[in-house]
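One file, final_19.txt, carrying compact mmCIF, N, CA and C atoms:
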```txt
# COMPACT_ATOMS: atom_id res chain seq x y z
N MET A 159 -24.08 21.49 40.05
CA MET A 159 -22.65 21.41 39.80
C MET A 159 -22.23 20.04 39.31
N GLU A 160 -22.83 18.99 39.87
CA GLU A 160 -22.44 17.64 39.47
C GLU A 160 -22.77 17.38 38.01
N THR A 161 -23.93 17.90 37.54
CA THR A 161 -24.26 17.71 36.13
C THR A 161 -23.28 18.43 35.23
N GLU A 162 -22.74 19.55 35.67
CA GLU A 162 -21.73 20.25 34.87
C GLU A 162 -20.51 19.38 34.64
N SER A 163 -20.03 18.71 35.70
CA SER A 163 -18.82 17.90 35.56
C SER A 163 -19.06 16.68 34.68
N ARG A 164 -20.26 16.12 34.72
CA ARG A 164 -20.55 14.96 33.88
C ARG A 164 -20.69 15.35 32.41
N GLN A 165 -21.29 16.50 32.18
CA GLN A 165 -21.52 16.93 30.81
C GLN A 165 -20.33 17.64 30.21
N GLY A 166 -19.35 17.94 31.01
CA GLY A 166 -18.19 18.66 30.50
C GLY A 166 -18.46 20.14 30.50
N ASN A 167 -17.91 20.83 29.58
CA ASN A 167 -18.05 22.28 29.48
C ASN A 167 -19.42 22.62 28.91
N ILE A 168 -20.28 23.22 29.72
CA ILE A 168 -21.65 23.53 29.31
C ILE A 168 -21.68 24.53 28.17
N SER A 169 -20.72 25.42 28.09
CA SER A 169 -20.73 26.46 27.06
C SER A 169 -20.55 25.88 25.65
N GLY A 170 -20.18 24.63 25.55
CA GLY A 170 -20.04 23.99 24.24
C GLY A 170 -18.67 24.17 23.61
N ASN A 171 -17.73 24.71 24.34
CA ASN A 171 -16.39 24.91 23.79
C ASN A 171 -15.53 23.66 23.85
N ASN A 172 -16.02 22.60 24.45
CA ASN A 172 -15.23 21.39 24.63
C ASN A 172 -15.61 20.32 23.61
N ASN A 173 -15.91 20.73 22.38
CA ASN A 173 -16.34 19.79 21.35
C ASN A 173 -15.21 19.32 20.46
N ASN A 174 -13.97 19.60 20.82
CA ASN A 174 -12.83 19.22 20.00
C ASN A 174 -12.69 17.71 19.88
N HIS A 175 -13.22 16.97 20.84
CA HIS A 175 -13.05 15.52 20.84
C HIS A 175 -14.20 14.80 20.15
N ARG A 176 -15.22 15.53 19.73
CA ARG A 176 -16.35 14.90 19.06
C ARG A 176 -15.97 14.53 17.64
N PHE A 177 -16.76 13.68 17.04
CA PHE A 177 -16.57 13.28 15.66
C PHE A 177 -17.75 13.84 14.86
N PRO A 178 -17.63 15.07 14.35
CA PRO A 178 -18.77 15.73 13.71
C PRO A 178 -19.25 15.02 12.46
N ARG A 179 -20.52 15.19 12.19
CA ARG A 179 -21.15 14.55 11.03
C ARG A 179 -20.46 14.95 9.72
N LYS A 180 -20.02 16.22 9.62
CA LYS A 180 -19.41 16.67 8.38
C LYS A 180 -18.09 15.95 8.08
N GLU A 181 -17.48 15.32 9.10
CA GLU A 181 -16.22 14.59 8.90
C GLU A 181 -16.45 13.12 8.58
N LYS A 182 -17.70 12.71 8.48
CA LYS A 182 -18.00 11.32 8.15
C LYS A 182 -18.29 11.21 6.66
N LEU A 183 -17.58 10.32 6.02
CA LEU A 183 -17.83 10.03 4.61
C LEU A 183 -18.96 9.02 4.58
N LYS A 184 -20.09 9.42 4.04
CA LYS A 184 -21.26 8.55 4.09
C LYS A 184 -21.76 8.27 2.69
N GLY A 185 -22.46 7.22 2.57
CA GLY A 185 -23.08 6.89 1.30
C GLY A 185 -22.21 5.98 0.45
N ARG A 186 -22.85 5.00 -0.11
CA ARG A 186 -22.15 4.01 -0.94
C ARG A 186 -21.43 4.67 -2.11
N ASP A 187 -22.07 5.65 -2.74
CA ASP A 187 -21.47 6.28 -3.92
C ASP A 187 -20.22 7.06 -3.57
N GLU A 188 -20.24 7.79 -2.45
CA GLU A 188 -19.06 8.55 -2.04
C GLU A 188 -17.89 7.64 -1.72
N ILE A 189 -18.16 6.55 -1.00
CA ILE A 189 -17.10 5.61 -0.63
C ILE A 189 -16.58 4.89 -1.88
N ARG A 190 -17.48 4.50 -2.76
CA ARG A 190 -17.08 3.83 -4.01
C ARG A 190 -16.21 4.75 -4.86
N ASP A 191 -16.52 6.04 -4.86
CA ASP A 191 -15.73 7.01 -5.62
C ASP A 191 -14.29 7.06 -5.12
N VAL A 192 -14.11 7.01 -3.80
CA VAL A 192 -12.75 7.01 -3.23
C VAL A 192 -12.02 5.74 -3.64
N PHE A 193 -12.71 4.60 -3.61
CA PHE A 193 -12.09 3.34 -4.03
C PHE A 193 -11.72 3.37 -5.52
N ASN A 194 -12.59 3.88 -6.36
CA ASN A 194 -12.37 3.85 -7.81
C ASN A 194 -11.31 4.84 -8.29
N ARG A 195 -11.28 6.03 -7.69
CA ARG A 195 -10.31 7.05 -8.11
C ARG A 195 -9.30 7.27 -6.99
N LYS A 196 -8.67 6.25 -6.58
CA LYS A 196 -7.91 6.20 -5.33
C LYS A 196 -6.42 6.43 -5.47
N ARG A 197 -5.88 6.72 -4.35
CA ARG A 197 -4.45 6.55 -4.08
C ARG A 197 -4.45 5.65 -2.86
N ALA A 198 -3.77 4.54 -2.93
CA ALA A 198 -3.82 3.55 -1.87
C ALA A 198 -2.47 3.41 -1.19
N TYR A 199 -2.51 3.28 0.12
CA TYR A 199 -1.31 3.11 0.94
C TYR A 199 -1.58 1.96 1.90
N SER A 200 -0.64 1.03 1.99
CA SER A 200 -0.85 -0.19 2.78
C SER A 200 0.14 -0.31 3.91
N CYS A 201 -0.29 -1.00 4.95
CA CYS A 201 0.59 -1.44 6.02
C CYS A 201 0.00 -2.75 6.53
N ALA A 202 0.68 -3.38 7.46
CA ALA A 202 0.19 -4.65 8.00
C ALA A 202 -1.15 -4.44 8.69
N GLY A 203 -2.20 -5.07 8.17
CA GLY A 203 -3.51 -5.04 8.81
C GLY A 203 -4.45 -3.94 8.37
N ALA A 204 -4.00 -3.02 7.51
CA ALA A 204 -4.88 -1.93 7.09
C ALA A 204 -4.42 -1.34 5.77
N LYS A 205 -5.34 -0.65 5.13
CA LYS A 205 -5.05 0.02 3.87
C LYS A 205 -5.82 1.34 3.87
N LEU A 206 -5.17 2.42 3.44
CA LEU A 206 -5.78 3.74 3.40
C LEU A 206 -5.94 4.18 1.96
N PHE A 207 -7.16 4.62 1.62
CA PHE A 207 -7.45 5.17 0.31
C PHE A 207 -7.71 6.66 0.48
N THR A 208 -7.12 7.47 -0.39
CA THR A 208 -7.28 8.92 -0.28
C THR A 208 -7.76 9.50 -1.59
N LEU A 209 -8.51 10.58 -1.50
CA LEU A 209 -8.99 11.29 -2.67
C LEU A 209 -9.17 12.75 -2.28
N TRP A 210 -8.61 13.65 -3.06
CA TRP A 210 -8.73 15.09 -2.82
C TRP A 210 -10.20 15.50 -2.97
N ASN A 211 -10.75 16.23 -1.97
CA ASN A 211 -12.13 16.68 -2.07
C ASN A 211 -12.26 18.20 -2.10
N GLY A 212 -11.19 18.93 -1.77
CA GLY A 212 -11.21 20.38 -1.83
C GLY A 212 -11.98 21.07 -0.73
N LEU A 213 -12.48 20.33 0.25
CA LEU A 213 -13.21 20.92 1.36
C LEU A 213 -12.23 21.45 2.41
N ALA A 214 -12.75 22.18 3.37
CA ALA A 214 -11.91 22.73 4.43
C ALA A 214 -11.69 21.73 5.56
N HIS A 215 -12.14 20.50 5.35
CA HIS A 215 -11.98 19.45 6.36
C HIS A 215 -11.86 18.10 5.65
N ASN A 216 -11.40 17.11 6.38
CA ASN A 216 -11.33 15.75 5.85
C ASN A 216 -12.63 15.03 6.17
N ARG A 217 -12.95 14.06 5.34
CA ARG A 217 -14.06 13.15 5.62
C ARG A 217 -13.49 11.75 5.61
N ILE A 218 -13.94 10.90 6.54
CA ILE A 218 -13.37 9.56 6.64
C ILE A 218 -14.47 8.52 6.84
N ALA A 219 -14.22 7.34 6.31
CA ALA A 219 -15.09 6.18 6.51
C ALA A 219 -14.20 5.01 6.89
N PHE A 220 -14.74 4.15 7.73
CA PHE A 220 -14.02 2.94 8.16
C PHE A 220 -14.77 1.75 7.60
N THR A 221 -14.04 0.91 6.88
CA THR A 221 -14.67 -0.26 6.28
C THR A 221 -13.81 -1.49 6.57
N PHE A 222 -14.38 -2.65 6.35
CA PHE A 222 -13.73 -3.88 6.76
C PHE A 222 -13.79 -4.92 5.66
N SER A 223 -12.77 -5.79 5.62
CA SER A 223 -12.78 -6.85 4.61
C SER A 223 -13.96 -7.78 4.87
N ARG A 224 -14.34 -8.51 3.86
CA ARG A 224 -15.55 -9.34 3.94
C ARG A 224 -15.53 -10.36 5.08
N LYS A 225 -14.38 -10.87 5.41
CA LYS A 225 -14.32 -11.93 6.42
C LYS A 225 -13.94 -11.40 7.79
N TYR A 226 -14.41 -10.19 8.11
CA TYR A 226 -13.97 -9.54 9.33
C TYR A 226 -14.71 -9.99 10.59
N GLY A 227 -15.52 -10.93 10.59
CA GLY A 227 -16.19 -11.34 11.82
C GLY A 227 -17.62 -10.83 11.86
N ASN A 228 -18.20 -10.82 13.05
CA ASN A 228 -19.60 -10.43 13.17
C ASN A 228 -19.73 -8.93 13.41
N ALA A 229 -20.97 -8.46 13.50
CA ALA A 229 -21.24 -7.03 13.64
C ALA A 229 -20.64 -6.44 14.92
N VAL A 230 -20.64 -7.21 15.99
CA VAL A 230 -20.08 -6.73 17.25
C VAL A 230 -18.58 -6.44 17.08
N GLU A 231 -17.87 -7.33 16.44
CA GLU A 231 -16.43 -7.14 16.22
C GLU A 231 -16.15 -5.97 15.29
N ARG A 232 -16.96 -5.82 14.24
CA ARG A 232 -16.78 -4.71 13.31
C ARG A 232 -17.06 -3.37 14.00
N ASN A 233 -18.11 -3.31 14.79
CA ASN A 233 -18.44 -2.06 15.49
C ASN A 233 -17.38 -1.69 16.51
N TYR A 234 -16.84 -2.68 17.21
CA TYR A 234 -15.75 -2.42 18.15
C TYR A 234 -14.53 -1.87 17.42
N SER A 235 -14.20 -2.48 16.29
CA SER A 235 -13.07 -2.03 15.50
C SER A 235 -13.31 -0.63 14.95
N ARG A 236 -14.55 -0.34 14.57
CA ARG A 236 -14.90 0.99 14.07
C ARG A 236 -14.71 2.04 15.17
N ARG A 237 -15.10 1.71 16.40
CA ARG A 237 -14.91 2.65 17.51
C ARG A 237 -13.43 2.88 17.78
N LEU A 238 -12.63 1.80 17.76
CA LEU A 238 -11.18 1.95 17.93
C LEU A 238 -10.60 2.86 16.84
N SER A 239 -11.01 2.62 15.62
CA SER A 239 -10.49 3.38 14.49
C SER A 239 -10.88 4.85 14.59
N ARG A 240 -12.12 5.10 14.97
CA ARG A 240 -12.58 6.47 15.11
C ARG A 240 -11.79 7.22 16.17
N GLU A 241 -11.54 6.57 17.29
CA GLU A 241 -10.77 7.19 18.37
C GLU A 241 -9.33 7.41 17.94
N ALA A 242 -8.74 6.47 17.25
CA ALA A 242 -7.36 6.64 16.76
C ALA A 242 -7.30 7.80 15.77
N TYR A 243 -8.29 7.92 14.90
CA TYR A 243 -8.33 9.03 13.96
C TYR A 243 -8.40 10.37 14.69
N ARG A 244 -9.20 10.43 15.76
CA ARG A 244 -9.30 11.66 16.54
C ARG A 244 -7.95 12.11 17.07
N GLN A 245 -7.08 11.14 17.37
CA GLN A 245 -5.75 11.47 17.89
C GLN A 245 -4.91 12.23 16.85
N PHE A 246 -5.17 11.98 15.57
CA PHE A 246 -4.34 12.54 14.50
C PHE A 246 -5.01 13.65 13.70
N ARG A 247 -6.30 13.80 13.77
CA ARG A 247 -7.00 14.65 12.80
C ARG A 247 -6.52 16.10 12.78
N ASN A 248 -6.05 16.64 13.90
CA ASN A 248 -5.56 18.02 13.90
C ASN A 248 -4.16 18.15 13.33
N GLU A 249 -3.48 17.03 13.13
CA GLU A 249 -2.12 17.03 12.57
C GLU A 249 -2.12 16.77 11.07
N LEU A 250 -3.31 16.54 10.49
CA LEU A 250 -3.41 16.16 9.08
C LEU A 250 -3.77 17.34 8.20
N GLN A 251 -3.31 17.30 6.96
CA GLN A 251 -3.72 18.28 5.96
C GLN A 251 -5.23 18.12 5.74
N LYS A 252 -5.87 19.18 5.37
CA LYS A 252 -7.32 19.17 5.16
C LYS A 252 -7.64 19.04 3.68
N GLY A 253 -8.85 18.59 3.40
CA GLY A 253 -9.32 18.54 2.02
C GLY A 253 -9.29 17.17 1.39
N TYR A 254 -9.39 16.12 2.17
CA TYR A 254 -9.32 14.76 1.62
C TYR A 254 -10.50 13.91 2.07
N ASP A 255 -10.91 13.02 1.19
CA ASP A 255 -11.79 11.92 1.56
C ASP A 255 -10.88 10.74 1.84
N LEU A 256 -11.08 10.10 2.98
CA LEU A 256 -10.23 8.99 3.40
C LEU A 256 -11.11 7.78 3.68
N VAL A 257 -10.65 6.62 3.25
CA VAL A 257 -11.32 5.37 3.59
C VAL A 257 -10.25 4.45 4.17
N LEU A 258 -10.49 4.00 5.39
CA LEU A 258 -9.57 3.06 6.04
C LEU A 258 -10.18 1.67 5.94
N LEU A 259 -9.50 0.79 5.23
CA LEU A 259 -9.92 -0.60 5.10
C LEU A 259 -9.11 -1.41 6.11
N VAL A 260 -9.81 -2.05 7.04
CA VAL A 260 -9.14 -2.79 8.11
C VAL A 260 -9.33 -4.29 7.86
N TYR A 261 -8.24 -5.03 8.00
CA TYR A 261 -8.27 -6.48 7.85
C TYR A 261 -8.35 -7.15 9.21
N PRO A 262 -8.85 -8.38 9.28
CA PRO A 262 -8.93 -9.08 10.57
C PRO A 262 -7.55 -9.20 11.21
N GLY A 263 -7.53 -9.11 12.51
CA GLY A 263 -6.27 -9.20 13.24
C GLY A 263 -6.47 -8.71 14.66
N ARG A 264 -5.41 -8.22 15.24
CA ARG A 264 -5.48 -7.75 16.62
C ARG A 264 -6.17 -6.39 16.68
N ASP A 265 -7.31 -6.35 17.33
CA ASP A 265 -8.01 -5.08 17.53
C ASP A 265 -7.62 -4.50 18.88
N VAL A 266 -6.49 -3.82 18.87
CA VAL A 266 -5.97 -3.18 20.07
C VAL A 266 -5.73 -1.72 19.69
N PHE A 267 -6.08 -0.82 20.59
CA PHE A 267 -5.96 0.61 20.29
C PHE A 267 -4.55 1.00 19.89
N SER A 268 -3.55 0.52 20.60
CA SER A 268 -2.16 0.90 20.29
C SER A 268 -1.75 0.43 18.89
N VAL A 269 -2.24 -0.72 18.49
CA VAL A 269 -1.94 -1.23 17.14
C VAL A 269 -2.61 -0.35 16.09
N ARG A 270 -3.88 0.04 16.34
CA ARG A 270 -4.59 0.87 15.38
C ARG A 270 -3.93 2.24 15.24
N VAL A 271 -3.48 2.81 16.35
CA VAL A 271 -2.78 4.10 16.30
C VAL A 271 -1.50 3.97 15.48
N LYS A 272 -0.76 2.90 15.70
CA LYS A 272 0.48 2.67 14.94
C LYS A 272 0.19 2.52 13.45
N GLN A 273 -0.88 1.77 13.11
CA GLN A 273 -1.26 1.60 11.71
C GLN A 273 -1.60 2.94 11.07
N MET A 274 -2.40 3.73 11.76
CA MET A 274 -2.81 5.02 11.19
C MET A 274 -1.62 5.97 11.05
N ARG A 275 -0.74 5.98 12.03
CA ARG A 275 0.44 6.85 11.94
C ARG A 275 1.25 6.47 10.70
N GLU A 276 1.44 5.17 10.50
CA GLU A 276 2.21 4.72 9.34
C GLU A 276 1.51 5.06 8.03
N LEU A 277 0.20 4.84 7.97
CA LEU A 277 -0.55 5.10 6.73
C LEU A 277 -0.59 6.59 6.40
N PHE A 278 -0.87 7.43 7.39
CA PHE A 278 -0.91 8.87 7.15
C PHE A 278 0.46 9.39 6.76
N SER A 279 1.51 8.81 7.34
CA SER A 279 2.86 9.22 6.99
C SER A 279 3.19 8.82 5.55
N ARG A 280 2.86 7.58 5.17
CA ARG A 280 3.11 7.12 3.80
C ARG A 280 2.34 7.95 2.78
N ALA A 281 1.13 8.38 3.17
CA ALA A 281 0.31 9.18 2.26
C ALA A 281 0.76 10.64 2.22
N GLY A 282 1.66 11.01 3.12
CA GLY A 282 2.13 12.40 3.17
C GLY A 282 1.07 13.36 3.67
N LEU A 283 0.18 12.88 4.53
CA LEU A 283 -0.93 13.71 5.00
C LEU A 283 -0.62 14.51 6.26
N PHE A 284 0.46 14.18 6.95
CA PHE A 284 0.81 14.98 8.12
C PHE A 284 1.22 16.36 7.66
N ILE A 285 0.83 17.37 8.37
CA ILE A 285 1.13 18.75 7.99
C ILE A 285 2.63 18.96 7.85
N SER A 286 3.42 18.36 8.72
CA SER A 286 4.86 18.56 8.69
C SER A 286 5.55 17.76 7.58
N THR A 287 4.86 16.81 6.94
CA THR A 287 5.48 16.00 5.88
C THR A 287 4.80 16.25 4.55
N ARG A 288 4.40 17.48 4.30
CA ARG A 288 3.68 17.82 3.07
C ARG A 288 4.51 17.46 1.83
N ARG A 289 3.91 16.75 0.93
CA ARG A 289 4.55 16.41 -0.34
C ARG A 289 4.24 17.49 -1.35
N VAL A 290 5.16 17.73 -2.24
CA VAL A 290 4.90 18.65 -3.33
C VAL A 290 4.86 17.81 -4.60
N SER A 291 3.68 17.69 -5.16
CA SER A 291 3.49 16.87 -6.35
C SER A 291 2.47 17.55 -7.25
N SER A 292 2.85 17.94 -8.40
CA SER A 292 1.99 18.58 -9.39
C SER A 292 1.22 19.76 -8.82
N GLY A 293 1.85 20.52 -7.90
CA GLY A 293 1.27 21.76 -7.41
C GLY A 293 0.13 21.63 -6.43
N SER A 294 -0.21 20.43 -5.97
CA SER A 294 -1.30 20.29 -5.02
C SER A 294 -0.83 19.47 -3.83
N PRO A 295 -1.41 19.70 -2.66
CA PRO A 295 -0.96 19.02 -1.45
C PRO A 295 -1.15 17.52 -1.51
N ALA A 296 -0.16 16.79 -1.06
CA ALA A 296 -0.19 15.32 -0.97
C ALA A 296 -0.71 14.67 -2.23
N GLY A 297 -0.29 15.17 -3.35
CA GLY A 297 -0.76 14.58 -4.60
C GLY A 297 -2.02 15.25 -5.10
N GLY A 298 -2.79 15.87 -4.21
CA GLY A 298 -3.99 16.63 -4.54
C GLY A 298 -4.89 15.93 -5.51
N PRO A 299 -5.56 16.70 -6.34
CA PRO A 299 -6.45 16.08 -7.32
C PRO A 299 -5.67 15.18 -8.27
N MET A 300 -6.17 13.99 -8.45
CA MET A 300 -5.46 13.03 -9.29
C MET A 300 -5.72 13.30 -10.76
N ARG A 301 -4.72 13.04 -11.54
CA ARG A 301 -4.92 13.09 -12.98
C ARG A 301 -5.49 11.75 -13.41
N ALA A 302 -6.21 11.74 -14.48
CA ALA A 302 -6.84 10.51 -14.97
C ALA A 302 -5.79 9.44 -15.20
N GLY A 303 -6.06 8.26 -14.71
CA GLY A 303 -5.20 7.11 -14.95
C GLY A 303 -4.03 6.97 -13.99
N SER A 304 -3.82 7.94 -13.10
CA SER A 304 -2.69 7.81 -12.18
C SER A 304 -3.14 7.12 -10.90
N GLN A 305 -2.25 6.31 -10.35
CA GLN A 305 -2.55 5.59 -9.13
C GLN A 305 -1.25 5.33 -8.41
N GLU A 306 -1.28 5.48 -7.07
CA GLU A 306 -0.09 5.23 -6.28
C GLU A 306 -0.41 4.17 -5.26
N SER A 307 0.43 3.21 -5.11
CA SER A 307 0.19 2.16 -4.12
C SER A 307 1.49 1.78 -3.50
N SER A 308 1.45 1.53 -2.19
CA SER A 308 2.66 1.12 -1.48
C SER A 308 2.53 -0.30 -1.03
```
File written out as structure tokens:
Amino acid sequence: METESRQGNISGNNNNHRFPRKEKLKGRDEIRDVFNRKRAYSCAGAKLFTLWNGLAHNRIAFTFSRKYGNAVERNYSRRLSREAYRQFRNELQKGYDLVLLVYPGRDVFSVRVKQMRELFSRAGLFISTRRVSSGSPAGGPMRAGSQESS
């Protein structure tokens, strides 16, 4: 019985809080593609890049400016960011590649949640704030040469 409580729900139905591999944007080329064909949204301490991918789920990567400190600080910030993203992922429209660029500053969970709420809101990614632009959700697939930045 004690192992059940430590492991959570043994039947595997309690995986809603996990960060599945399919939701991770991996690989230099995939991340570079989001940066190059981007829509960018900024707030104090962070910047969100979005790109329509047409999948049934979002994929996200967390990256840091060059002067962000050592590996321990970056990994801590990545864990904070991942957890903050988990708080919002069920409220977001699906089908986007997202890259969150974090700048040095206060690495506090409440600050990261506030940053993400503001960025997702500016990008129109919340389900309740769907933008209608050229017939696709939240700007959808970008036309060549178009870019939005806040």
Legend entry - Interatomic distance, atom N of Tyr243 in chain A to CA of Asn194 in chain A (Å, one decimal): 23.4 Å
Inset, instruction - Considering only N, CA and C atoms, state which residue in the set A:Ala204, A:Lys225, A:Leu258, A:Met274 is at the smallest distance from Ala242 in chain A. - result: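 The answer is A:Met274, which sits nearest to Ala242 in chain A.
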Inset, instruction - Quick one: pick out all strand (DSSP E) residues within range 160-295 of chain A from a backbone DSSP run and write them as a VMD selection string. - result: chain A and resid 197 to 201 204 to 210 217 to 222 254 to 260 290 to 291 294 to 295
Legend entry - For atom C of Ser223 in chain A and atom N of Pro178 in chain A, the interatomic separation in Å (one decimal): 25.0 Å
Legend entry - Residues within 8 Å of Arg264 in chain A, all atoms listed in the file, excluding chain neighbours under 4 positions, as a list in words: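 My reading of the contact set: Gly203, Val269 and Arg270 of chain A.
The space separating atom C of Ser268 in chain A from CA of Leu238 in chain A comes to 9.6 Å.
Among the candidates A:Arg197, A:Lys252, A:Arg186, A:Lys272, the one nearest to Ala214 in chain A when counting only C-alpha atoms is A:Lys252.
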Inset, instruction - Rank A:Gly212, A:Ile189, A:Ala229, A:Glu241 by their smallest atom-to-atom distance to Phe267 in chain A, using only N, CA and C atoms, and report the top residue only. - result: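 Of the candidates, the smallest distance to Phe267 in chain A is held by A:Glu241.
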